[in-house]
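**Q** Take a look at query_36.cif, mmCIF, C-alpha atoms:
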data_structure
loop_
_atom_site.label_atom_id
_atom_site.label_comp_id
_atom_site.auth_asym_id
_atom_site.auth_seq_id
_atom_site.Cartn_x
_atom_site.Cartn_y
_atom_site.Cartn_z
CA MET A 125 134.96 173.49 112.94
CA HIS A 126 134.75 172.32 116.58
CA ASN A 127 137.48 174.80 117.55
CA GLU A 128 135.90 177.73 115.75
CA LYS A 129 133.94 180.38 117.61
CA ILE A 130 130.37 180.78 116.38
CA GLN A 131 128.56 184.02 117.11
CA MET A 132 124.89 184.46 116.21
CA LEU A 133 123.87 188.10 116.45
CA VAL A 134 120.25 188.60 117.52
CA ALA A 135 119.33 192.07 116.28
CA ALA A 136 116.82 193.81 118.53
CA HIS A 137 115.51 197.31 119.07
CA LYS A 138 113.54 196.31 122.17
CA GLU A 139 114.08 193.95 125.11
CA PHE A 140 112.67 190.53 124.36
CA PRO A 141 113.18 186.92 125.54
CA MET A 142 116.51 185.72 124.16
CA PRO A 143 118.06 182.30 123.50
CA LYS A 144 120.01 180.78 126.40
CA ASP A 145 122.57 179.17 124.08
CA GLU A 146 125.84 181.08 124.55
CA ILE A 147 126.49 181.28 120.80
CA TYR A 148 123.60 183.76 120.55
CA LEU A 149 124.54 187.37 121.25
CA PRO A 150 121.65 189.84 121.67
CA ILE A 151 122.69 193.11 120.09
CA GLN A 152 120.84 196.37 120.63
CA VAL A 153 120.71 198.08 117.25
CA GLY A 154 120.54 201.85 117.13
CA ALA A 155 121.95 201.99 120.65
CA SER A 156 123.54 205.38 120.06
CA LEU A 157 120.07 206.84 119.57
CA SER A 158 118.54 205.23 122.66
CA LYS A 159 118.59 206.64 126.18
CA VAL A 160 118.20 203.11 127.54
CA LYS A 161 120.81 200.35 127.23
CA PHE A 162 119.35 196.85 127.50
CA SER A 163 120.78 194.64 130.24
CA GLY A 164 122.85 191.76 128.89
CA TYR A 165 122.83 193.05 125.31
CA GLN A 166 125.81 194.01 123.19
CA VAL A 167 125.35 197.56 121.88
CA ASP A 168 126.10 198.44 118.27
CA ASP A 169 127.74 201.79 119.12
CA GLN A 170 131.00 200.45 120.51
CA GLY A 171 134.18 200.52 118.47
CA LYS A 172 133.94 201.29 114.77
CA ASN A 173 130.22 201.49 114.05
CA ILE A 174 127.32 203.06 112.15
CA SER A 175 124.82 202.85 115.01
CA VAL A 176 123.57 206.39 114.32
CA LYS A 177 122.44 205.22 110.86
CA ASN A 178 120.10 202.57 112.30
CA PRO A 179 116.87 204.34 111.27
CA TYR A 180 118.09 203.98 107.69
CA PHE A 181 120.16 200.77 107.78
CA ASN A 182 118.06 198.80 110.28
CA GLU A 183 119.71 195.48 111.30
CA LEU A 184 122.69 196.22 109.04
CA THR A 185 124.19 198.24 111.89
CA ALA A 186 124.67 194.92 113.69
CA ILE A 187 126.46 193.46 110.66
CA TYR A 188 128.74 196.48 110.47
CA TRP A 189 129.53 196.24 114.19
CA ALA A 190 130.45 192.56 113.83
CA ARG A 191 132.61 193.23 110.78
CA TYR A 192 134.95 195.44 112.80
CA ASN A 193 134.46 194.41 116.41
CA SER A 194 133.73 190.68 116.58
CA SER A 195 136.53 188.11 116.69
CA ALA A 196 134.27 185.14 115.92
CA ASP A 197 135.19 182.67 113.18
CA VAL A 198 131.56 182.23 112.13
CA ILE A 199 129.06 185.10 112.10
CA GLY A 200 125.29 184.78 111.83
CA LEU A 201 122.47 187.28 111.91
CA VAL A 202 118.93 186.57 113.08
CA HIS A 203 116.21 188.80 114.54
CA TYR A 204 114.69 188.85 117.98
CA ARG A 205 111.53 187.37 116.48
CA ARG A 206 113.01 185.35 113.57
CA TYR A 207 115.31 182.35 113.91
CA PHE A 208 116.66 179.43 111.90
CA SER A 209 115.16 176.09 112.95
CA PHE A 210 114.49 172.65 111.52
CA LYS A 211 111.71 172.17 114.04
CA LYS A 212 108.26 173.67 113.95
CA GLY A 213 106.90 175.54 116.93
CA LYS A 214 107.65 178.92 118.43
CA ASN A 215 110.15 177.70 120.99
CA LEU A 216 113.61 179.17 121.45
CA GLN A 217 114.89 175.76 122.49
CA ASN A 218 114.28 174.54 118.93
CA ILE A 219 116.52 177.02 117.12
CA LEU A 220 119.80 176.03 115.47
CA ASP A 221 122.53 175.28 117.98
CA GLY A 222 126.30 175.31 117.59
CA LYS A 223 126.59 171.62 116.73
CA GLN A 224 124.00 171.90 113.97
CA ILE A 225 125.67 174.99 112.53
CA ALA A 226 129.12 173.36 112.60
CA MET A 227 127.74 170.26 110.88
CA LEU A 228 126.05 172.29 108.16
CA LEU A 229 129.18 174.34 107.49
CA LYS A 230 131.16 171.16 106.86
CA HIS A 231 129.23 170.84 103.61
CA THR A 232 128.41 174.41 102.63
CA ASP A 233 129.80 177.95 102.67
CA VAL A 234 126.73 179.85 103.82
CA ILE A 235 123.44 179.09 105.57
CA LEU A 236 120.42 181.05 104.32
CA PRO A 237 116.68 181.07 104.99
CA LYS A 238 114.43 179.34 102.50
CA LYS A 239 113.62 181.59 99.56
CA ARG A 240 110.57 183.79 99.62
CA HIS A 241 108.43 183.38 96.50
CA TYR A 242 106.45 186.22 94.94
CA TRP A 243 104.79 184.02 92.30
CA ILE A 244 102.99 186.77 90.35
CA GLU A 245 105.79 189.29 89.98
CA SER A 246 109.56 189.68 89.90
CA SER A 247 111.83 190.74 92.72
CA GLU A 248 112.21 194.13 91.06
CA SER A 249 108.51 194.75 90.51
CA HIS A 250 107.79 193.62 94.06
CA TYR A 251 110.32 196.14 95.36
CA ARG A 252 108.93 198.94 93.21
CA HIS A 253 105.37 198.23 94.35
CA ALA A 254 106.44 198.21 98.00
CA HIS A 255 109.15 200.90 98.10
CA HIS A 256 110.51 203.97 96.34
CA GLY A 257 111.93 202.88 92.99
CA ILE A 258 114.53 205.64 93.00
CA SER A 259 116.54 203.64 95.54
CA LEU A 260 116.72 200.61 93.25
CA ASP A 261 117.70 202.86 90.36
CA ALA A 262 120.55 204.18 92.49
CA VAL A 263 121.75 200.64 93.26
CA ARG A 264 121.76 199.78 89.57
CA LEU A 265 123.76 202.93 88.82
CA ILE A 266 126.37 202.24 91.52
CA ILE A 267 126.79 198.60 90.53
CA SER A 268 127.19 199.52 86.86
CA SER A 269 129.92 202.05 87.70
CA LYS A 270 131.63 200.45 90.71
CA TYR A 271 131.12 196.73 90.07
CA PRO A 272 130.21 196.31 86.37
CA GLU A 273 131.08 192.62 86.56
CA TYR A 274 128.08 192.19 88.88
CA LEU A 275 125.57 193.98 86.65
CA GLU A 276 124.43 190.98 84.62
CA VAL A 277 123.84 188.93 87.77
CA PHE A 278 122.03 191.87 89.37
CA GLU A 279 119.67 192.18 86.41
CA ASN A 280 119.06 188.45 86.39
CA GLN A 281 118.27 188.36 90.11
CA MET A 282 115.90 191.31 89.78
CA SER A 283 113.94 189.37 87.16
CA LYS A 284 113.50 186.30 89.37
CA THR A 285 110.31 185.64 91.33
CA SER A 286 112.05 184.51 94.52
CA SER A 287 114.89 185.64 96.78
CA HIS A 288 116.49 185.11 100.17
CA MET A 289 115.02 187.76 102.42
CA PHE A 290 115.28 189.17 105.97
CA ASN A 291 119.07 189.80 105.86
CA MET A 292 119.50 186.49 107.71
CA PHE A 293 122.56 184.31 107.15
CA ILE A 294 125.38 182.35 108.77
CA MET A 295 128.85 182.71 107.22
CA ARG A 296 132.44 181.90 107.96
CA ARG A 297 134.59 184.92 108.64
CA GLU A 298 136.16 185.01 105.16
CA GLU A 299 132.80 185.10 103.39
CA PHE A 300 131.32 187.43 105.99
CA ASN A 301 134.10 189.99 105.58
CA ALA A 302 133.96 189.84 101.78
CA TYR A 303 130.19 190.19 101.68
CA SER A 304 130.09 192.99 104.25
CA ASP A 305 132.79 195.01 102.48
CA TRP A 306 131.05 194.63 99.12
CA LEU A 307 127.61 195.42 100.52
CA PHE A 308 128.53 198.56 102.43
CA SER A 309 130.72 199.88 99.62
CA ILE A 310 127.56 199.91 97.48
CA LEU A 311 125.10 201.15 100.09
CA PHE A 312 127.27 204.05 101.24
CA GLU A 313 127.49 205.25 97.62
CA VAL A 314 123.73 204.85 97.17
CA GLU A 315 123.27 206.83 100.37
CA LYS A 316 125.16 209.76 98.84
CA LEU A 317 122.83 209.75 95.85
CA ILE A 318 119.47 209.59 97.62
CA GLU A 319 119.99 210.83 101.18
CA ASN A 320 118.16 214.11 100.53
CA GLU A 321 115.11 212.32 99.13
CA VAL A 322 115.09 209.81 101.99
CA LEU A 323 114.71 212.59 104.57
CA SER A 324 111.13 213.20 103.42
CA TRP A 325 110.09 209.52 103.57
CA ASP A 326 108.15 208.01 106.46
CA SER A 327 109.95 206.05 109.18
CA TYR A 328 109.27 202.69 107.52
CA GLU A 329 110.60 203.72 104.12
CA LYS A 330 113.60 205.40 105.71
CA ARG A 331 114.87 201.84 106.36
CA VAL A 332 115.67 201.76 102.65
CA TYR A 333 119.22 200.41 102.91
CA GLY A 334 118.01 197.38 104.83
CA PHE A 335 115.41 196.72 102.12
CA LEU A 336 118.01 197.09 99.37
CA SER A 337 120.46 194.72 101.04
CA GLU A 338 117.81 191.99 100.94
CA ARG A 339 117.99 192.21 97.15
CA LEU A 340 121.78 192.34 97.06
CA LEU A 341 122.59 189.20 99.06
CA ASP A 342 121.66 186.81 96.24
CA VAL A 343 123.62 188.92 93.75
CA TRP A 344 126.78 188.41 95.77
CA ILE A 345 126.03 184.72 96.41
CA VAL A 346 125.46 183.92 92.73
CA LYS A 347 128.29 186.04 91.31
CA ASN A 348 130.85 184.48 93.66
CA ASP A 349 129.52 180.95 93.22
CA ILE A 350 128.95 180.60 96.95
CA ARG A 351 127.61 177.23 98.07
CA TYR A 352 124.64 177.61 100.37
CA THR A 353 122.20 175.51 102.32
CA GLU A 354 118.70 176.68 103.10
CA VAL A 355 117.21 176.26 106.56
CA PRO A 356 113.60 177.10 107.49
CA ILE A 357 112.91 180.06 109.76
CA PHE A 358 110.18 180.58 112.31
CA PHE A 359 108.62 183.77 113.55
CA MET A 360 108.20 184.40 117.27
CA GLY A 361 104.72 185.85 117.41
CA LYS A 362 101.65 185.95 115.23
CA GLN A 363 101.65 187.17 111.65
CA ASN A 364 98.49 188.43 110.00
CA TRP A 365 98.92 186.82 106.58
CA LEU A 366 95.49 188.02 105.43
CA LEU A 367 96.47 191.61 106.16
CA LYS A 368 99.89 191.17 104.57
CA GLY A 369 98.34 189.65 101.47
CA GLY A 370 95.77 192.43 101.24
CA LYS A 371 98.43 195.13 101.43
CA PHE A 372 100.52 193.33 98.81
CA MET A 373 97.61 193.13 96.37
CA ALA A 374 96.72 196.77 97.02
CA ARG A 375 100.25 197.83 96.10
CA LYS A 376 100.30 195.49 93.13
CA PHE A 377 97.23 197.09 91.59
CA GLY A 378 98.05 200.68 92.46
CA PHE A 379 96.12 201.29 95.66
CA GLY A 380 98.19 202.75 98.49
CA ARG A 381 101.25 202.72 96.26
CA ILE A 382 104.37 204.42 97.56
CA GLY A 383 104.30 208.14 96.88
CA GLU A 384 100.51 208.29 96.47
CA LYS A 385 97.89 209.24 99.03
#
Turn this file's structure into structure tokens for me.

**A**
Amino acid sequence: MHNEKIQMLVAAHKEFPMPKDEIYLPIQVGASLSKVKFSGYQVDDQGKNISVKNPYFNELTAIYWARYNSSADVIGLVHYRRYFSFKKGKNLQNILDGKQIAMLLKHTDVILPKKRHYWIESSESHYRHAHHGISLDAVRLIISSKYPEYLEVFENQMSKTSSHMFNMFIMRREEFNAYSDWLFSILFEVEKLIENEVLSWDSYEKRVYGFLSERLLDVWIVKNDIRYTEVPIFFMGKQNWLLKGGKFMARKFGFGRIGEK
């Protein structure tokens, strides 16, 4: 591992303080749609890319860029305000470094954030309360036709009350390529099915393919018997958990549900 190149993509749509560690590469997502290019950032519209799809695919445009344009042996994705770290405290000096990543990958295939627990509902019901259910129906349809061997695992994961969220991971190149190819082959087909409906959704819900991929990661991990290690994440900035919880309960019991005014 010590000779392998590790590249941690830091997806960002705005300029923000970035890690000093050279393994971290700030990447401006949706760069093709921006008049401003951030100094010192990689842009996601170079080489083979889907940068123009960023309003719909969110941080996945960084994954796609890395799949075809990065030569790193290990690829990770974090966000400009979310990082892997064993230490508490909102300090960029505490995030995972290359030595820690190399050590972890000696004993595992993939590094993931700790699972998010919903407690009172399944992954599927949580998605349907928070987003347009037609998109999940489309995923189920594509998996059943394109990857029927994944359908049972998909259904099982949808029934669980926890999942690995945020599209954050660290993978060796072999796993990264396999996962990326599988993921985008599904999402591009889903896009064909629902793209007309998506046009009428608000800007948040237009990020549908990023939301769907959060539900698909565990399907791929479980089906392919991928060994993984969980690492805590920390959020750079304050989160209003009371507000988040209130919105969740409102959706759960039908107030402010998607598609209703």

**Q** Determine the residue membership of the PyMOL selection byres ((chain A and resi 356) around 12) for the file above and supply it as a ChimeraX atom specification.

**A** /A:206-213,218-220,235-240,288-289,292-293,353-355,357-359

**Q** Taking all atoms listed in the file into account, which of A:His241, A:Ser287, A:Ser194, A:Pro179 comes nearest Ser327 in chain A?

**A**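 Closest to Ser327 in chain A of all the choices is A:Pro179.
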
**Q** Rank nothing, just name the residue among A:Leu184, A:Ala254, A:Val263, A:Ile294 nearest to Gln131 in chain A, using all atoms listed in the file.

**A**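 Ranked by minimum distance to Gln131 in chain A, first place goes to A:Ile294.
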
**Q** Could you check which residues have any atom within 10 Å of (109.9, 193.6, 92.1), counting only C-alpha atoms with coordinates taken straight from the file, and then list them as a ChimeraX atom specification?

**A** /A:242,244-255,257,260,282-286,339,376

**Q** Per residue of range 216-270 of chain A within 8 Å of range 274-281 of chain A, what are the shortest atom pair and its distance in Å to one decimal, counting all atoms listed in the file, with rows by chain and residue number, as a Markdown table?

**A**
| residue | atom | partner | partner_atom | distance |
| --- | --- | --- | --- | --- |
| A:Ser247 | CA | A:Gln281 | CA | 7.3 |
| A:Arg264 | CA | A:Leu275 | CA | 7.5 |
| A:Ile267 | CA | A:Leu275 | CA | 6.2 |
| A:Ser268 | CA | A:Leu275 | CA | 5.8 |

**Q** Can you take the partial range 316-327 of chain A, add all heavy atoms, and return it as a tab-separated table (two decimals), keeping the file's coordinate frame?

**A**
chain	number	residue	atom	x	y	z
A	316	LYS	N	124.76	208.43	99.32
A	316	LYS	CA	125.16	209.76	98.84
A	316	LYS	C	124.21	210.28	97.77
A	316	LYS	O	123.96	211.49	97.68
A	316	LYS	CB	126.59	209.71	98.30
A	316	LYS	CG	127.66	209.42	99.34
A	316	LYS	CD	129.02	209.29	98.67
A	316	LYS	CE	130.10	208.91	99.68
A	316	LYS	NZ	131.43	208.72	99.03
A	317	LEU	N	123.69	209.36	96.97
A	317	LEU	CA	122.83	209.75	95.85
A	317	LEU	C	121.41	210.11	96.28
A	317	LEU	O	120.78	211.00	95.69
A	317	LEU	CB	122.76	208.61	94.82
A	317	LEU	CG	124.03	208.29	94.04
A	317	LEU	CD1	123.76	207.13	93.08
A	317	LEU	CD2	124.52	209.51	93.27
A	318	ILE	N	120.89	209.43	97.30
A	318	ILE	CA	119.47	209.59	97.62
A	318	ILE	C	119.19	210.13	99.02
A	318	ILE	O	118.03	210.26	99.41
A	318	ILE	CB	118.70	208.26	97.43
A	318	ILE	CG1	119.15	207.22	98.46
A	318	ILE	CG2	118.87	207.73	96.01
A	318	ILE	CD1	118.31	205.94	98.46
A	319	GLU	N	120.21	210.47	99.77
A	319	GLU	CA	119.99	210.83	101.18
A	319	GLU	C	119.04	212.02	101.33
A	319	GLU	O	118.27	212.08	102.31
A	319	GLU	CB	121.32	211.10	101.89
A	319	GLU	CG	122.18	212.18	101.30
A	319	GLU	CD	123.52	212.29	102.03
A	319	GLU	OE1	123.61	211.79	103.17
A	319	GLU	OE2	124.46	212.87	101.46
A	320	ASN	N	119.06	212.96	100.42
A	320	ASN	CA	118.16	214.11	100.53
A	320	ASN	C	116.71	213.70	100.32
A	320	ASN	O	115.81	214.19	101.02
A	320	ASN	CB	118.56	215.19	99.53
A	320	ASN	CG	119.86	215.88	99.90
A	320	ASN	OD1	120.24	215.92	101.07
A	320	ASN	ND2	120.56	216.40	98.91
A	321	GLU	N	116.47	212.81	99.36
A	321	GLU	CA	115.11	212.32	99.13
A	321	GLU	C	114.60	211.51	100.32
A	321	GLU	O	113.44	211.63	100.72
A	321	GLU	CB	115.06	211.46	97.86
A	321	GLU	CG	115.14	212.22	96.56
A	321	GLU	CD	116.57	212.55	96.17
A	321	GLU	OE1	117.49	212.22	96.95
A	321	GLU	OE2	116.76	213.15	95.10
A	322	VAL	N	115.47	210.70	100.89
A	322	VAL	CA	115.09	209.81	101.99
A	322	VAL	C	114.59	210.60	103.20
A	322	VAL	O	113.70	210.13	103.93
A	322	VAL	CB	116.27	208.90	102.39
A	322	VAL	CG1	115.95	208.09	103.64
A	322	VAL	CG2	116.63	207.95	101.24
A	323	LEU	N	115.10	211.79	103.41
A	323	LEU	CA	114.71	212.59	104.57
A	323	LEU	C	113.21	212.86	104.62
A	323	LEU	O	112.64	213.03	105.70
A	323	LEU	CB	115.48	213.92	104.56
A	323	LEU	CG	116.99	213.84	104.83
A	323	LEU	CD1	117.63	215.21	104.68
A	323	LEU	CD2	117.27	213.26	106.21
A	324	SER	N	112.56	212.90	103.47
A	324	SER	CA	111.13	213.20	103.42
A	324	SER	C	110.25	211.95	103.51
A	324	SER	O	109.03	212.07	103.56
A	324	SER	CB	110.79	213.95	102.13
A	324	SER	OG	110.99	213.12	100.99
A	325	TRP	N	110.86	210.76	103.52
A	325	TRP	CA	110.09	209.52	103.57
A	325	TRP	C	109.64	209.22	104.99
A	325	TRP	O	110.23	209.70	105.96
A	325	TRP	CB	110.93	208.36	103.02
A	325	TRP	CG	111.32	208.54	101.58
A	325	TRP	CD1	110.90	209.53	100.72
A	325	TRP	CD2	112.23	207.73	100.83
A	325	TRP	NE1	111.48	209.38	99.49
A	325	TRP	CE2	112.31	208.28	99.53
A	325	TRP	CE3	112.98	206.59	101.13
A	325	TRP	CZ2	113.11	207.72	98.53
A	325	TRP	CZ3	113.78	206.03	100.14
A	325	TRP	CH2	113.84	206.58	98.85
A	326	ASP	N	108.61	208.38	105.12
A	326	ASP	CA	108.15	208.01	106.46
A	326	ASP	C	109.15	207.07	107.13
A	326	ASP	O	110.10	206.59	106.49
A	326	ASP	CB	106.74	207.39	106.42
A	326	ASP	CG	106.67	206.08	105.65
A	326	ASP	OD1	107.65	205.29	105.69
A	326	ASP	OD2	105.64	205.83	105.01
A	327	SER	N	108.96	206.81	108.41
A	327	SER	CA	109.95	206.05	109.18
A	327	SER	C	110.17	204.65	108.64
A	327	SER	O	111.28	204.12	108.71
A	327	SER	CB	109.53	205.98	110.65
A	327	SER	OG	108.27	205.35	110.79
